[in-house]
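As structure tokens, the structure follows; a few thoughts come after it.
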Amino acid sequence: VLSASFIYIAALLRTSLVKMIHFVLLISRQGKVRLTKWYSPYSQKERSKVIRELSGVILARGPKLCNFVEWRGYKVVYKRYASLYFCMCVDQEDNELEVLEMIHHYVEILDRYFGSVCELDLIFNFHKAYYILDELLLAGELQESSKKTVARLIAAQDSLVETAKEQANSISNMIAQATK
Amino acid sequence: MALSGMRGLSVFISDVRNCQNKEQERLRVDKELGNIRTRFKNEKGLTPYEKKKYVWKMLYIYMLGYDVDFGHMEAVSLISAPKYPEKQVGYIVTSCLLNENHDFLRLAINTVRNDIIGRNETFQCLALTMVGNIGGREFAESLAPDVQKLLISSSFRPLVRKKAALCLLRLYRKNPDVVNVDGWSDRMTQLLDERDLGVLTSSMSLLVALVSNYHDAYWSCLPKCVKILERLSRNQDVPQEYTYYGIPSPWLQVKTMRALQYFPTIEDPNTRRSLFEVLQRILMGTDVVKNVNKNNASHAVLFEALALVMHLDAEKEMMSQCVALLGKFIAVREPNIRYLGLENMTRMLMVTDVQDIIKRHQAQIITSLKDPDISIRRRALDLLYGMCDVSNAKDIVEELLQYLSTADFAMREELSLKAAILAEKFAPDLSWYVDVILQLIDKAGDFVSDDIWFRVVQFVTNNEDLQPYAAVKAREYLDKPAIHETMVKVSAYILGEYGHFLAQRTGCSPKELFSIIHEKLPTVSTSTIPILLSTYAKILMHSQPPDPDLQNQIWAIFSKYESCIDIEIQQRAVEYFALSRKGAALMDILAEMPKFPERQSALIKKAEDNEVDTAEQSAIKLRTQQQQNSNALVVADPQPANGTPPVGQLGLVKVPSMTSTADLKPVDQGLTQANGTMTKVDPYPPDSSADLLGDLLGPLALEGPPSTAAQLEQNYVPGIDGVPSTADALALAPVEEPANSVQPIGNIAERFHALCLKDSGVLYEDPHIQIGIKAEWRAHHGRLVLFLGNKNTSPLVSVQAIILPPSHLKMELSLVPETIPPRAQVQCPLEVVNLRPSRDVAVLDFSYKFGHAAVNVKLRLPAVLNKFLQPIPVSAEEFFPQWKSLSGPPLKLQEVVRGVKPLSLPEMANFFTTLRLMVCPGLDPNQNNLVASTTFYSEATRAMLCLIRIETDPADRTQLRMTIATGDPTLTFELKEFLKEHLISVPTAPRAPAPPPVSQPTPPPATLNDPGAILAGLL
């Protein structure tokens, strides 16, 4: 019993070395998962368990509470936007407010990209949400803090895909012409 | 809106959304999975577009929570597609579906590497992103150099380089050797000059990881970090797009300050000054604004600045400023700020000197314990736990108890554990401790582990004063209508042992006690029944005169359980039944349980390891001492050297404490005899004498003439005749004078005294040999190494070294060679274990032959009492309650010492420091007094706090009054005598002329057999 208190004391000391975002979760109010991104290795089983546990904890929290939840020695920073909860899991020693504003930063970029983003946009274009996240975070760290830069990079990717599609179309048109 | 552009995918998502229930959804998903599986089987017929579509569907299904155990291969194979759209999907889906431990990833390494080293920038980005997100060790080994190149080469654009920086960070986490290349730290320093803030942000994350592991290589980054911080905080040269709600990249600011926290200190005064200017600006210039995001961002920076200030150990003024800020934060309405205020205040507890300022906020923190938000309540609990000490324990623990009734289940266990620990650590008195634990069991029985109630039983058993009180309390709880089973256990146990103290009270006759306890029996589990049976047996024994009615009832219960299937219950029932028919025999066997040997709790052990911060530590020590204090008369450790352990120490029969001490005395004498001491010349064996003084003759020690004990000793000063002219005859006692033609070099006594105060030096020297000594001490263990050096060009023969240890030291000398070769030095380690407090000195009986000269010397070994001391600082809050609780003899002894070597106070303080006593300035209001504290270690006492007060007379420095308090009477006495000896003969160089030699009685011839032992016994 008493030794437990020392584990606790040790946890108070600034000892942890790895400080990073371990995962990002987007969950709807109904508990549906809209996006998951794992920066630390979790097996499929662990992933489902984490999602189950955390949606239980976070969806149950009332309004006007703080945006931080302590969970299994980690901290989950979350924020609700309309029907969606954006969650990031970080270490005890991480700077909570910094992470909270990373979430908002992401939401603003999504908003700019989709033009007033709503849950439906993220459902039907979940892959876009992934592309954008990959320009924002990498290795569980913030990669780019300029919304403008992220928007530019995503636009460039989109146009690459468009060009490829047009090329493919014109080739198939040419084949169709030739085999007429 | 840019829609997916994949109709099939959109249709599928719509279908799933339109499902009425989970079952329908499963059917739709299973159908789709079947479809995908068939299509993947015939891969050749798939267009790239179809492949992409199916892979996305798979990811969608996976996200919905279904197992997707196929198709990984297809996702991975898309990575090697030649065109961007397919490649992009391949990379992203792979990094979502797989983790670093997945075998399929290995297949992709080559493709990934080709993309990284290829010239296609967009491919490079895709590859770096995937490796950065899920790359494992193998990736680290094969890709690190390529990634490094991308990061440091200016020919690549920022979009590639920032990804390379974070990708390298990932690889570094997987295998720290990846940056183990020459000059990497220089490269890192150059990277901090980067103009592009995206690249700089990523590089800063990399730097944080590097310095957190090994800061030494990156000192040159430190001034650059400070420059970056200055630039950002002044908003100089920061592009608009990198400001966030008007704040220049808050994330980069936070990261940079994080990096700085991994450097132990900042030495360069200019850099330090610049940094403090920035920090001061952040601390004072952060205002609360309306916009939530701006507020969060600026406070993110502020909290990081606070952490950095704490780390840098700023001046007290700045620290107080920080605490003041935090005090403001914990009272605001905004829950995030309140939460962070509490969290950071807890971190602040680690900083010295601010605890008192934090305590001023106690009321506000207690309010937070009732916050509607569990996250905030948790922080408040942690903070209260951390800030608790003897001064506020009562308030805090009582708050915790009150909160326990309403606390969420999720917190109750932690709460009860913390309350129990605090109650034990800081109890102002033991009855309060009992109250707390009983309330704890009452309010949260389910969350109170067995250890907690075992502990309270130990306390009650070992403290006689507490027993009637505990019995009253236990009886009161039994009146409550529904009590927790743990409460039944504790109450039954306590009433069985001490219920008879209550016999005079109403409702507490044996019969009444029995029936109220027996009422609970139907409600308890089998683990509790044996405890109840023991209680019944004890109640029966205590009912005097015997009550036949009660006896019949209890016997009926015993016989009922004689056939119980639970073996423990059955055995007790059978045995108690048989025993209770034996009448008088029952009295012996069922008498009160003996005291528990004081267990070393994990807390105390930790204190010994010296790893806890001092505040914590001294609190634990104080607590320990209170415990040991309370059962100081119980000799717990049977003497290992003795074949017959003291009678019945652990049996069921009560051993009155005085008897147990008396029992042990012959044992001690036996031991001393075994060591060769003749009891008749040693009428005052130190161990038993200390016991006697402590237990019986306390008044003698205290009120007798100033140095009765010293006088006694002086009479027996064993100057074994030989060198009466030597200043200190105690030191060298060469026997068989005629044989000793060899004269020592230097003063042996002085050498010994010097070695008492330091750990290495020369113990003895003559023309042929030099004996050096080097010692290490840790708690009650010591390791001495004797260096025997032959100074001659011919060997020393018949070398013999025998240790004559006093009874309180266990000593083991390794083998000493019979011959020491010319000009050689041999090392002989000597292990020492301190068993008990004693001033006795071990003697080394050393002899050798050189030519015709046979030399034999007896040397005192510096394994003296102060070597087992470890200084420990004590604050006023800790000192005074303790000092008061040790109210008088035998634990606290006072004596006026005369004939003291005159020392000024600073000189005396210095001298105490060399004796390993921690002088605590400011504790005693009188400037002529000196207060010191230390911890003494021995096997019997464990770590024990010793408090010392010296009152000097400025008019006459040759006298002083000394008060010593410890939790052990022997230790108190021995320490007092020890200090007295040292104060009377403080060794100073040059040594004062010899004091008039004490008359030295010629020892009886018998002692010649083993004079060393007498030395050991009497010095």
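In the structure tokens, chains take letters A, B, ... by order of appearance, with residues numbered from 1 within each chain and ligands from 1 in the order shown.
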Within 8 Å of chain B, which residues of chain A show up? Give each one with its shortest atom-to-atom distance in Å (one decimal) and the two atoms involved, counting only C-alpha atoms, rows by chain then rising residue number, as JSON lines.
```
{"residue": "A:Val1", "atom": "CA", "partner": "B:Asp451", "partner_atom": "CA", "distance": 6.5}
{"residue": "A:Leu2", "atom": "CA", "partner": "B:Ala602", "partner_atom": "CA", "distance": 5.8}
{"residue": "A:Ser3", "atom": "CA", "partner": "B:Ala602", "partner_atom": "CA", "distance": 5.5}
{"residue": "A:Ser5", "atom": "CA", "partner": "B:Lys418", "partner_atom": "CA", "distance": 7.6}
{"residue": "A:Phe6", "atom": "CA", "partner": "B:Leu603", "partner_atom": "CA", "distance": 7.9}
{"residue": "A:Leu12", "atom": "CA", "partner": "B:Arg347", "partner_atom": "CA", "distance": 7.1}
{"residue": "A:Leu13", "atom": "CA", "partner": "B:Arg347", "partner_atom": "CA", "distance": 7.9}
{"residue": "A:Leu17", "atom": "CA", "partner": "B:Ser212", "partner_atom": "CA", "distance": 6.1}
{"residue": "A:Val18", "atom": "CA", "partner": "B:Ala209", "partner_atom": "CA", "distance": 7.2}
{"residue": "A:Lys32", "atom": "CA", "partner": "B:Leu64", "partner_atom": "CA", "distance": 7.1}
{"residue": "A:Val33", "atom": "CA", "partner": "B:Leu64", "partner_atom": "CA", "distance": 6.2}
{"residue": "A:Arg34", "atom": "CA", "partner": "B:Met63", "partner_atom": "CA", "distance": 7.1}
{"residue": "A:Leu35", "atom": "CA", "partner": "B:Met63", "partner_atom": "CA", "distance": 6.9}
{"residue": "A:Thr36", "atom": "CA", "partner": "B:Met63", "partner_atom": "CA", "distance": 7.1}
{"residue": "A:Lys37", "atom": "CA", "partner": "B:Cys96", "partner_atom": "CA", "distance": 6.4}
{"residue": "A:Trp38", "atom": "CA", "partner": "B:Cys96", "partner_atom": "CA", "distance": 7.3}
{"residue": "A:Tyr39", "atom": "CA", "partner": "B:Asn133", "partner_atom": "CA", "distance": 5.7}
{"residue": "A:Ser40", "atom": "CA", "partner": "B:Ile134", "partner_atom": "CA", "distance": 7.8}
{"residue": "A:Pro41", "atom": "CA", "partner": "B:Asn99", "partner_atom": "CA", "distance": 5.5}
{"residue": "A:Tyr42", "atom": "CA", "partner": "B:Asn99", "partner_atom": "CA", "distance": 6.9}
{"residue": "A:Ser43", "atom": "CA", "partner": "B:Asn99", "partner_atom": "CA", "distance": 7.2}
{"residue": "A:Ser48", "atom": "CA", "partner": "B:Gly65", "partner_atom": "CA", "distance": 6.8}
{"residue": "A:Lys64", "atom": "CA", "partner": "B:Pro335", "partner_atom": "CA", "distance": 7.4}
{"residue": "A:Leu65", "atom": "CA", "partner": "B:Asp373", "partner_atom": "CA", "distance": 5.8}
{"residue": "A:Cys66", "atom": "CA", "partner": "B:Asn336", "partner_atom": "CA", "distance": 4.7}
{"residue": "A:Asn67", "atom": "CA", "partner": "B:Asn336", "partner_atom": "CA", "distance": 6.4}
{"residue": "A:Phe68", "atom": "CA", "partner": "B:Ser375", "partner_atom": "CA", "distance": 6.9}
{"residue": "A:Val69", "atom": "CA", "partner": "B:Ser375", "partner_atom": "CA", "distance": 5.9}
{"residue": "A:Glu70", "atom": "CA", "partner": "B:Ser375", "partner_atom": "CA", "distance": 6.6}
{"residue": "A:Asn95", "atom": "CA", "partner": "B:Ala300", "partner_atom": "CA", "distance": 6.6}
{"residue": "A:Glu96", "atom": "CA", "partner": "B:Ala300", "partner_atom": "CA", "distance": 7.3}
{"residue": "A:Leu97", "atom": "CA", "partner": "B:Ala300", "partner_atom": "CA", "distance": 4.9}
{"residue": "A:Glu98", "atom": "CA", "partner": "B:Ala300", "partner_atom": "CA", "distance": 5.3}
{"residue": "A:Leu100", "atom": "CA", "partner": "B:Asn296", "partner_atom": "CA", "distance": 7.8}
{"residue": "A:Glu101", "atom": "CA", "partner": "B:Ala297", "partner_atom": "CA", "distance": 6.6}
{"residue": "A:His104", "atom": "CA", "partner": "B:Asn293", "partner_atom": "CA", "distance": 7.9}
{"residue": "A:Phe114", "atom": "CA", "partner": "B:Met1", "partner_atom": "CA", "distance": 6.0}
{"residue": "A:Gly115", "atom": "CA", "partner": "B:Met1", "partner_atom": "CA", "distance": 7.5}
{"residue": "A:Ile123", "atom": "CA", "partner": "B:Ile13", "partner_atom": "CA", "distance": 7.8}
{"residue": "A:Phe124", "atom": "CA", "partner": "B:Ser10", "partner_atom": "CA", "distance": 6.2}
{"residue": "A:Asn125", "atom": "CA", "partner": "B:Ser4", "partner_atom": "CA", "distance": 5.6}
{"residue": "A:His127", "atom": "CA", "partner": "B:Trp56", "partner_atom": "CA", "distance": 7.7}
{"residue": "A:Tyr130", "atom": "CA", "partner": "B:Ile92", "partner_atom": "CA", "distance": 7.6}
{"residue": "A:Tyr131", "atom": "CA", "partner": "B:Ile92", "partner_atom": "CA", "distance": 7.7}
{"residue": "A:Asp134", "atom": "CA", "partner": "B:Thr129", "partner_atom": "CA", "distance": 7.1}
{"residue": "A:Leu138", "atom": "CA", "partner": "B:Asn133", "partner_atom": "CA", "distance": 6.1}
{"residue": "A:Ala139", "atom": "CA", "partner": "B:Asn133", "partner_atom": "CA", "distance": 4.7}
{"residue": "A:Gly140", "atom": "CA", "partner": "B:Asn133", "partner_atom": "CA", "distance": 7.4}
{"residue": "A:Glu141", "atom": "CA", "partner": "B:Ser205", "partner_atom": "CA", "distance": 7.1}
{"residue": "A:Leu142", "atom": "CA", "partner": "B:Ser202", "partner_atom": "CA", "distance": 7.1}
{"residue": "A:Gln143", "atom": "CA", "partner": "B:Ser202", "partner_atom": "CA", "distance": 5.6}
{"residue": "A:Glu144", "atom": "CA", "partner": "B:Gly198", "partner_atom": "CA", "distance": 5.2}
{"residue": "A:Ser145", "atom": "CA", "partner": "B:Tyr242", "partner_atom": "CA", "distance": 6.3}
{"residue": "A:Ser146", "atom": "CA", "partner": "B:Tyr242", "partner_atom": "CA", "distance": 5.2}
{"residue": "A:Lys147", "atom": "CA", "partner": "B:Glu241", "partner_atom": "CA", "distance": 7.0}
{"residue": "A:Lys148", "atom": "CA", "partner": "B:Glu241", "partner_atom": "CA", "distance": 6.5}
{"residue": "A:Leu160", "atom": "CA", "partner": "B:Tyr84", "partner_atom": "CA", "distance": 7.2}
{"residue": "A:Val161", "atom": "CA", "partner": "B:Pro85", "partner_atom": "CA", "distance": 5.3}
{"residue": "A:Ala164", "atom": "CA", "partner": "B:Pro85", "partner_atom": "CA", "distance": 7.2}
```
Keeping only C-alpha atoms, take the residues you just selected and write them out as a PDB file, in the first residue's frame.
```
ATOM      1  CA  VAL A   1       0.000   0.000   0.000  1.00  0.00           C
ATOM      2  CA  LEU A   2       2.621   2.434   1.043  1.00  0.00           C
ATOM      3  CA  SER A   3       4.866   1.795  -1.890  1.00  0.00           C
ATOM      4  CA  SER A   5       2.421   6.366  -2.818  1.00  0.00           C
ATOM      5  CA  PHE A   6       5.954   6.424  -4.054  1.00  0.00           C
ATOM      6  CA  LEU A  12       5.260  13.944 -10.068  1.00  0.00           C
ATOM      7  CA  LEU A  13       8.873  14.409 -10.954  1.00  0.00           C
ATOM      8  CA  LEU A  17      11.276  11.584 -21.867  1.00  0.00           C
ATOM      9  CA  VAL A  18       8.943  10.942 -24.753  1.00  0.00           C
ATOM     10  CA  LYS A  32     -19.315   6.915 -34.037  1.00  0.00           C
ATOM     11  CA  VAL A  33     -15.687   7.150 -34.992  1.00  0.00           C
ATOM     12  CA  ARG A  34     -14.986   9.647 -37.737  1.00  0.00           C
ATOM     13  CA  LEU A  35     -11.202   9.545 -37.805  1.00  0.00           C
ATOM     14  CA  THR A  36      -8.410   7.789 -35.922  1.00  0.00           C
ATOM     15  CA  LYS A  37      -4.724   8.368 -36.245  1.00  0.00           C
ATOM     16  CA  TRP A  38      -2.204   6.476 -34.147  1.00  0.00           C
ATOM     17  CA  TYR A  39       1.319   7.761 -33.675  1.00  0.00           C
ATOM     18  CA  SER A  40       2.273   5.174 -31.085  1.00  0.00           C
ATOM     19  CA  PRO A  41       2.027   1.484 -31.898  1.00  0.00           C
ATOM     20  CA  TYR A  42      -1.306   0.060 -30.756  1.00  0.00           C
ATOM     21  CA  SER A  43      -2.588  -3.273 -31.936  1.00  0.00           C
ATOM     22  CA  SER A  48     -10.807  -0.685 -30.211  1.00  0.00           C
ATOM     23  CA  LYS A  64     -18.556  23.916 -18.905  1.00  0.00           C
ATOM     24  CA  LEU A  65     -15.978  21.471 -17.631  1.00  0.00           C
ATOM     25  CA  CYS A  66     -12.327  21.745 -18.486  1.00  0.00           C
ATOM     26  CA  ASN A  67     -11.009  20.269 -21.723  1.00  0.00           C
ATOM     27  CA  PHE A  68      -8.693  17.775 -20.090  1.00  0.00           C
ATOM     28  CA  VAL A  69      -9.291  14.237 -18.943  1.00  0.00           C
ATOM     29  CA  GLU A  70      -6.778  12.116 -17.093  1.00  0.00           C
ATOM     30  CA  ASN A  95       1.377  21.451 -22.401  1.00  0.00           C
ATOM     31  CA  GLU A  96      -2.397  21.008 -22.461  1.00  0.00           C
ATOM     32  CA  LEU A  97      -3.358  24.390 -23.833  1.00  0.00           C
ATOM     33  CA  GLU A  98      -0.886  24.070 -26.671  1.00  0.00           C
ATOM     34  CA  LEU A 100      -6.019  22.330 -27.300  1.00  0.00           C
ATOM     35  CA  GLU A 101      -5.100  25.027 -29.786  1.00  0.00           C
ATOM     36  CA  HIS A 104      -8.589  24.333 -33.034  1.00  0.00           C
ATOM     37  CA  PHE A 114     -14.570  22.634 -46.894  1.00  0.00           C
ATOM     38  CA  GLY A 115     -16.038  26.066 -46.383  1.00  0.00           C
ATOM     39  CA  ILE A 123     -18.002  11.504 -43.195  1.00  0.00           C
ATOM     40  CA  PHE A 124     -18.036  11.561 -46.963  1.00  0.00           C
ATOM     41  CA  ASN A 125     -14.569  13.000 -47.318  1.00  0.00           C
ATOM     42  CA  HIS A 127      -9.810  10.689 -46.675  1.00  0.00           C
ATOM     43  CA  TYR A 130      -6.554  12.364 -43.265  1.00  0.00           C
ATOM     44  CA  TYR A 131      -4.624  14.250 -45.971  1.00  0.00           C
ATOM     45  CA  ASP A 134      -0.879  14.577 -42.375  1.00  0.00           C
ATOM     46  CA  LEU A 138       3.741  14.189 -38.149  1.00  0.00           C
ATOM     47  CA  ALA A 139       5.348  11.730 -35.781  1.00  0.00           C
ATOM     48  CA  GLY A 140       2.972  12.991 -33.096  1.00  0.00           C
ATOM     49  CA  GLU A 141       4.352  16.508 -33.351  1.00  0.00           C
ATOM     50  CA  LEU A 142       3.118  19.711 -34.889  1.00  0.00           C
ATOM     51  CA  GLN A 143       4.559  20.008 -38.366  1.00  0.00           C
ATOM     52  CA  GLU A 144       3.108  23.211 -39.738  1.00  0.00           C
ATOM     53  CA  SER A 145       1.521  26.112 -37.924  1.00  0.00           C
ATOM     54  CA  SER A 146       0.674  28.222 -40.966  1.00  0.00           C
ATOM     55  CA  LYS A 147      -2.855  27.631 -42.208  1.00  0.00           C
ATOM     56  CA  LYS A 148      -1.910  29.222 -45.489  1.00  0.00           C
ATOM     57  CA  LEU A 160      -2.007  16.557 -58.946  1.00  0.00           C
ATOM     58  CA  VAL A 161      -4.857  14.078 -58.529  1.00  0.00           C
ATOM     59  CA  ALA A 164      -3.806  12.501 -63.320  1.00  0.00           C
TER      60      ALA A 164
END
```
DSSP-assigned helix (DSSP H, G or I) members of region 77-175 of chain A, reported as a PyMOL selection string = chain A and resi 96-114+119-124+126-136+147-175
Based on the selection just made, write C-alpha atoms of those residues as a PDB file, in the first residue's frame.
```pdb
ATOM      1  CA  GLU A  96      -2.397  21.008 -22.461  1.00  0.00           C
ATOM      2  CA  LEU A  97      -3.358  24.390 -23.833  1.00  0.00           C
ATOM      3  CA  GLU A  98      -0.886  24.070 -26.671  1.00  0.00           C
ATOM      4  CA  VAL A  99      -2.570  20.820 -27.685  1.00  0.00           C
ATOM      5  CA  LEU A 100      -6.019  22.330 -27.300  1.00  0.00           C
ATOM      6  CA  GLU A 101      -5.100  25.027 -29.786  1.00  0.00           C
ATOM      7  CA  MET A 102      -3.632  22.440 -32.158  1.00  0.00           C
ATOM      8  CA  ILE A 103      -7.109  20.951 -32.276  1.00  0.00           C
ATOM      9  CA  HIS A 104      -8.589  24.333 -33.034  1.00  0.00           C
ATOM     10  CA  HIS A 105      -5.928  24.962 -35.640  1.00  0.00           C
ATOM     11  CA  TYR A 106      -6.914  21.709 -37.354  1.00  0.00           C
ATOM     12  CA  VAL A 107     -10.589  22.613 -37.225  1.00  0.00           C
ATOM     13  CA  GLU A 108      -9.911  26.012 -38.759  1.00  0.00           C
ATOM     14  CA  ILE A 109      -7.992  24.426 -41.613  1.00  0.00           C
ATOM     15  CA  LEU A 110     -10.805  21.948 -42.232  1.00  0.00           C
ATOM     16  CA  ASP A 111     -13.247  24.813 -42.096  1.00  0.00           C
ATOM     17  CA  ARG A 112     -11.305  26.770 -44.642  1.00  0.00           C
ATOM     18  CA  TYR A 113     -10.942  23.771 -46.934  1.00  0.00           C
ATOM     19  CA  PHE A 114     -14.570  22.634 -46.894  1.00  0.00           C
ATOM     20  CA  GLU A 119     -19.817  16.394 -39.728  1.00  0.00           C
ATOM     21  CA  LEU A 120     -21.225  15.241 -43.057  1.00  0.00           C
ATOM     22  CA  ASP A 121     -18.232  16.687 -44.915  1.00  0.00           C
ATOM     23  CA  LEU A 122     -15.939  14.651 -42.739  1.00  0.00           C
ATOM     24  CA  ILE A 123     -18.002  11.504 -43.195  1.00  0.00           C
ATOM     25  CA  PHE A 124     -18.036  11.561 -46.963  1.00  0.00           C
ATOM     26  CA  PHE A 126     -12.844  11.251 -44.477  1.00  0.00           C
ATOM     27  CA  HIS A 127      -9.810  10.689 -46.675  1.00  0.00           C
ATOM     28  CA  LYS A 128      -9.441  14.457 -47.074  1.00  0.00           C
ATOM     29  CA  ALA A 129      -9.451  14.813 -43.320  1.00  0.00           C
ATOM     30  CA  TYR A 130      -6.554  12.364 -43.265  1.00  0.00           C
ATOM     31  CA  TYR A 131      -4.624  14.250 -45.971  1.00  0.00           C
ATOM     32  CA  ILE A 132      -4.999  17.482 -44.090  1.00  0.00           C
ATOM     33  CA  LEU A 133      -4.028  15.955 -40.768  1.00  0.00           C
ATOM     34  CA  ASP A 134      -0.879  14.577 -42.375  1.00  0.00           C
ATOM     35  CA  GLU A 135       0.150  18.094 -43.333  1.00  0.00           C
ATOM     36  CA  LEU A 136      -0.479  19.342 -39.828  1.00  0.00           C
ATOM     37  CA  LYS A 147      -2.855  27.631 -42.208  1.00  0.00           C
ATOM     38  CA  LYS A 148      -1.910  29.222 -45.489  1.00  0.00           C
ATOM     39  CA  THR A 149       0.926  26.778 -46.101  1.00  0.00           C
ATOM     40  CA  VAL A 150      -1.242  23.755 -45.308  1.00  0.00           C
ATOM     41  CA  ALA A 151      -3.987  25.031 -47.609  1.00  0.00           C
ATOM     42  CA  ARG A 152      -1.460  25.557 -50.400  1.00  0.00           C
ATOM     43  CA  LEU A 153      -0.032  22.050 -50.042  1.00  0.00           C
ATOM     44  CA  ILE A 154      -3.452  20.409 -50.019  1.00  0.00           C
ATOM     45  CA  ALA A 155      -4.488  22.376 -53.085  1.00  0.00           C
ATOM     46  CA  ALA A 156      -1.335  21.232 -54.857  1.00  0.00           C
ATOM     47  CA  GLN A 157      -2.106  17.602 -54.009  1.00  0.00           C
ATOM     48  CA  ASP A 158      -5.667  17.986 -55.227  1.00  0.00           C
ATOM     49  CA  SER A 159      -4.501  19.380 -58.509  1.00  0.00           C
ATOM     50  CA  LEU A 160      -2.007  16.557 -58.946  1.00  0.00           C
ATOM     51  CA  VAL A 161      -4.857  14.078 -58.529  1.00  0.00           C
ATOM     52  CA  GLU A 162      -7.045  16.090 -60.921  1.00  0.00           C
ATOM     53  CA  THR A 163      -4.345  16.235 -63.568  1.00  0.00           C
ATOM     54  CA  ALA A 164      -3.806  12.501 -63.320  1.00  0.00           C
ATOM     55  CA  LYS A 165      -7.525  11.927 -63.703  1.00  0.00           C
ATOM     56  CA  GLU A 166      -7.717  14.152 -66.775  1.00  0.00           C
ATOM     57  CA  GLN A 167      -4.756  12.414 -68.297  1.00  0.00           C
ATOM     58  CA  ALA A 168      -6.359   9.048 -67.623  1.00  0.00           C
ATOM     59  CA  ASN A 169      -9.597  10.260 -69.145  1.00  0.00           C
ATOM     60  CA  SER A 170      -7.941  11.610 -72.247  1.00  0.00           C
ATOM     61  CA  ILE A 171      -6.015   8.389 -72.714  1.00  0.00           C
ATOM     62  CA  SER A 172      -9.135   6.299 -72.378  1.00  0.00           C
ATOM     63  CA  ASN A 173     -10.846   8.696 -74.787  1.00  0.00           C
ATOM     64  CA  MET A 174      -8.012   8.215 -77.242  1.00  0.00           C
ATOM     65  CA  ILE A 175      -8.265   4.463 -76.887  1.00  0.00           C
TER      66      ILE A 175
END
```
Distance query Tyr477 (chain B) at most 8 Å, only C-alpha atoms, self and fewer than 4 positions along chain excluded, as an mmCIF file with C-alpha atoms, in the first residue's frame:
```cif
data_model
loop_
_atom_site.group_PDB
_atom_site.id
_atom_site.type_symbol
_atom_site.label_atom_id
_atom_site.label_comp_id
_atom_site.auth_asym_id
_atom_site.auth_seq_id
_atom_site.Cartn_x
_atom_site.Cartn_y
_atom_site.Cartn_z
ATOM 1 C CA LYS B 473 -14.121 3.625 19.477
ATOM 2 C CA ILE B 483 -21.145 -1.592 9.207
ATOM 3 C CA MET B 487 -15.056 -2.642 10.444
ATOM 4 C CA SER B 491 -13.646 -3.925 16.021
#
```
Excluding same-chain residues fewer than 5 positions from region 890-895 of chain B, what lies within 6 Å of it counting only C-alpha atoms, as number ranges by chain?
-> B: 694, 698, 961-969
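For the atom pair formed by CA of Leu466 (chain B) and CA of Leu430 (chain B), the distance is 7.2 Å, given to one decimal.
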Counting only C-alpha atoms, the option among A:Ile51, A:Tyr74, A:Val57, A:Cys89 closest to Ile21 (chain A) | A:Cys89
Closest to Lys52 (chain B) among B:Asn792, B:Gln261, B:Ser525, B:Ser77, using only C-alpha atoms?
->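 Of the candidates, the smallest distance to Lys52 (chain B) is held by B:Ser77.
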Just asking: which residues within chain A are strand (DSSP E or B) according to DSSP, as a ChimeraX atom specification?
-> /A:23-28,33-38,68-71,74-81,84-91,137-138,141-142
Near region 938-944 of chain B, counting only C-alpha atoms, which residues have an atom at most 6 Å away, once you skip same-chain residues fewer than 6 positions from it, shown as a VMD selection string?
-> chain B and resid 780 834 to 836
Could you save the residues just selected, with N, CA and C atoms, as an mmCIF file, in the first residue's frame?
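File written: result_30.cif
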```
data_model
loop_
_atom_site.group_PDB
_atom_site.id
_atom_site.type_symbol
_atom_site.label_atom_id
_atom_site.label_comp_id
_atom_site.auth_asym_id
_atom_site.auth_seq_id
_atom_site.Cartn_x
_atom_site.Cartn_y
_atom_site.Cartn_z
ATOM 1 N N HIS B 780 23.806 1.438 8.270
ATOM 2 C CA HIS B 780 24.477 0.761 9.376
ATOM 3 C C HIS B 780 25.592 -0.160 8.877
ATOM 4 N N ASN B 834 26.688 -2.453 12.095
ATOM 5 C CA ASN B 834 26.378 -1.882 13.399
ATOM 6 C C ASN B 834 25.056 -2.456 13.899
ATOM 7 N N LEU B 835 25.114 -3.162 15.018
ATOM 8 C CA LEU B 835 23.906 -3.812 15.506
ATOM 9 C C LEU B 835 23.104 -2.904 16.430
ATOM 10 N N ARG B 836 23.817 -2.196 17.284
ATOM 11 C CA ARG B 836 23.123 -1.399 18.294
ATOM 12 C C ARG B 836 23.917 -0.138 18.549
#
```
